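Only one structure is covered here, and it is reproduced in the block below.
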Amino acid sequence: MKSPAIEVTGLHKSYGEIEAVAGVDLHVAEGEILAFLGPNGAGKTTTVEILEGFRSRTAGQVSVLGQDPATAGLDWRERIGIVLQESQPEEFLKVAETVTIWAAYFSDPRPIDEVLQLVGLTEQSDQRVGRLSGGQQRRLDLALALVGNPELLFLDEPTTGFDPTARREAWAMIDGLRDLGVTVLLTTHYMDEAQHLADRIAVIAAGRIIARGTAEDLAEAASMQTRISWDSQEVPLAELPEQLRGTAAVSDDPGETGSPGNPFSVSPQRLVILTDDVSDTVAALLQTAGRLGRNINSLEVLAPTLEDTYLSLIGEADRAGRLDR
């Protein structure tokens, strides 16, 4: 098992009577990408700022790259990189000049040309920062974080405001950090981004971690099931085997495609089964269609998305009163 890049036990942070972080335990292995998710006001930013050494804690044990951020020195800071949600490099400097200036702050920086190649800004090296596109600006932010050759990178909302193409390019760039052996703590409000990039996910609400693991682990914790649906004219409800007939539901609502709160709202005259046993359910359905001499061209098998799971977990915490702060 890899040694931890981040190890947090019993972390608390209070502001007077308000407890922003209420006993967080967090483990991030070396070389791992962990997505740290939570609604606004959940304690996510406070926790990350404590890990970065910018905010003090009220109680708890924190180790980041083997040191306590509250007392770590400049040598430790050279080992971490931070990409904030917004930054403002000098707009009249050229890209290469900007990275060169930042490199001078570190004792063993990466070569400038190598950094520009890593983030895809080689062709823009002589372009002024103020003329970069939004996606290119974000690439520069990452270049400034990587030039110090960090072991651990904090990424805060890295693709906010990006168009779909720029987001995909940024994902490929972040994925490439694995090859460098960089550990990444990612915060994002885009669930597809977390699902695509992260090895594991931790969800915080009301200052506490309410779920952690892979996207599949979280779906299981939230009791999320796979949705199987098809046109009822292809295989009618009455023709289903008894074990399927009892779990199938009919919908006549054309306005939705399903959600955790309303899983049966699909297109007109479709049958829906929510199940954990996908293989056997599909096999039984196909056998029924074969017996009837029909095809099921409309068959859809939709596993729960991370967004479905996240909303379910947050909703459950809200109903339990854990978000009333």
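Labeling convention for the structure tokens: chains A, B, ... as they appear, residues from 1 per chain, ligands from 1 in order of appearance.
The residues of region 25-102 of chain A that DSSP assigns to strand (DSSP E) on this backbone come out as A:Asp25, A:Leu26, A:His27, A:Val28, A:Ala29, A:Ile33, A:Leu34, A:Ala35, A:Phe36, A:Leu37, A:Ala59, A:Gly60, A:Gln61, A:Val62, A:Ser63, A:Val64, A:Ile80, A:Gly81, A:Ile82, A:Val83.
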Contacts of Val21 (chain A) within 9 Å, only C-alpha atoms, excl. fewer than 4 positions in-chain, as a list in words: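 Here the qualifying residues turn out to be Leu11, His12, Lys13, Ser14, Ala42, Gly43, Lys44, Thr46, Thr47, Ala206, Gly207 and Arg208 of chain A.
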Apply DSSP to the backbone of this structure and, from region 115-287 of chain A, keep only the residues in alpha helix (DSSP H); write these as a PyMOL selection string. chain A and resi 115-118+134-146+164-175+177-180+191-197+215-221+242-245+278-287
Pick out the residues sitting within 6 Å of region 140-157 of chain A, and hand them over as a list of chain:residue names; count only C-alpha atoms, and ignore anything fewer than 4 positions along from it in its own chain. A:Arg79, A:Ile80, A:Gly81, A:Ile82, A:Val83, A:Leu84, A:Gln85, A:Val99, A:Ala103, A:Phe106, A:Pro109, A:Arg110, A:Val115, A:Val182, A:Thr183, A:Val184, A:Leu185, A:Leu186, A:Thr187, A:Thr188
Tell me, as number ranges by chain, which residues lie within 12 Å of region 219-228 of chain A, counting only C-alpha atoms; anything in the same chain fewer than 4 positions away does not count. A: 195, 201, 203, 210-215, 244, 247-249, 257-266, 270-283, 285, 296, 298-317
Rank nothing, just name the residue among A:Val62, A:Ala104, A:Leu177, A:Leu286 nearest to Glu32 (chain A), using only C-alpha atoms.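 Among the listed residues, the smallest separation from Glu32 (chain A) belongs to A:Leu177.
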Between CA of Leu240 (chain A) and CA of Leu292 (chain A), what distance in Å does the model show, to one decimal?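 Here the two named atoms are 10.5 Å from each other.
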Nearest candidate to Gly176 (chain A) (options A:Val48, A:Ile204, A:Val235, A:Ile33; using only C-alpha atoms): A:Ile33
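The closest residue to Thr45 (chain A), picked from A:Ser3, A:His196, A:Ala284, A:Ala205 and counting only C-alpha atoms, is A:Ala205.
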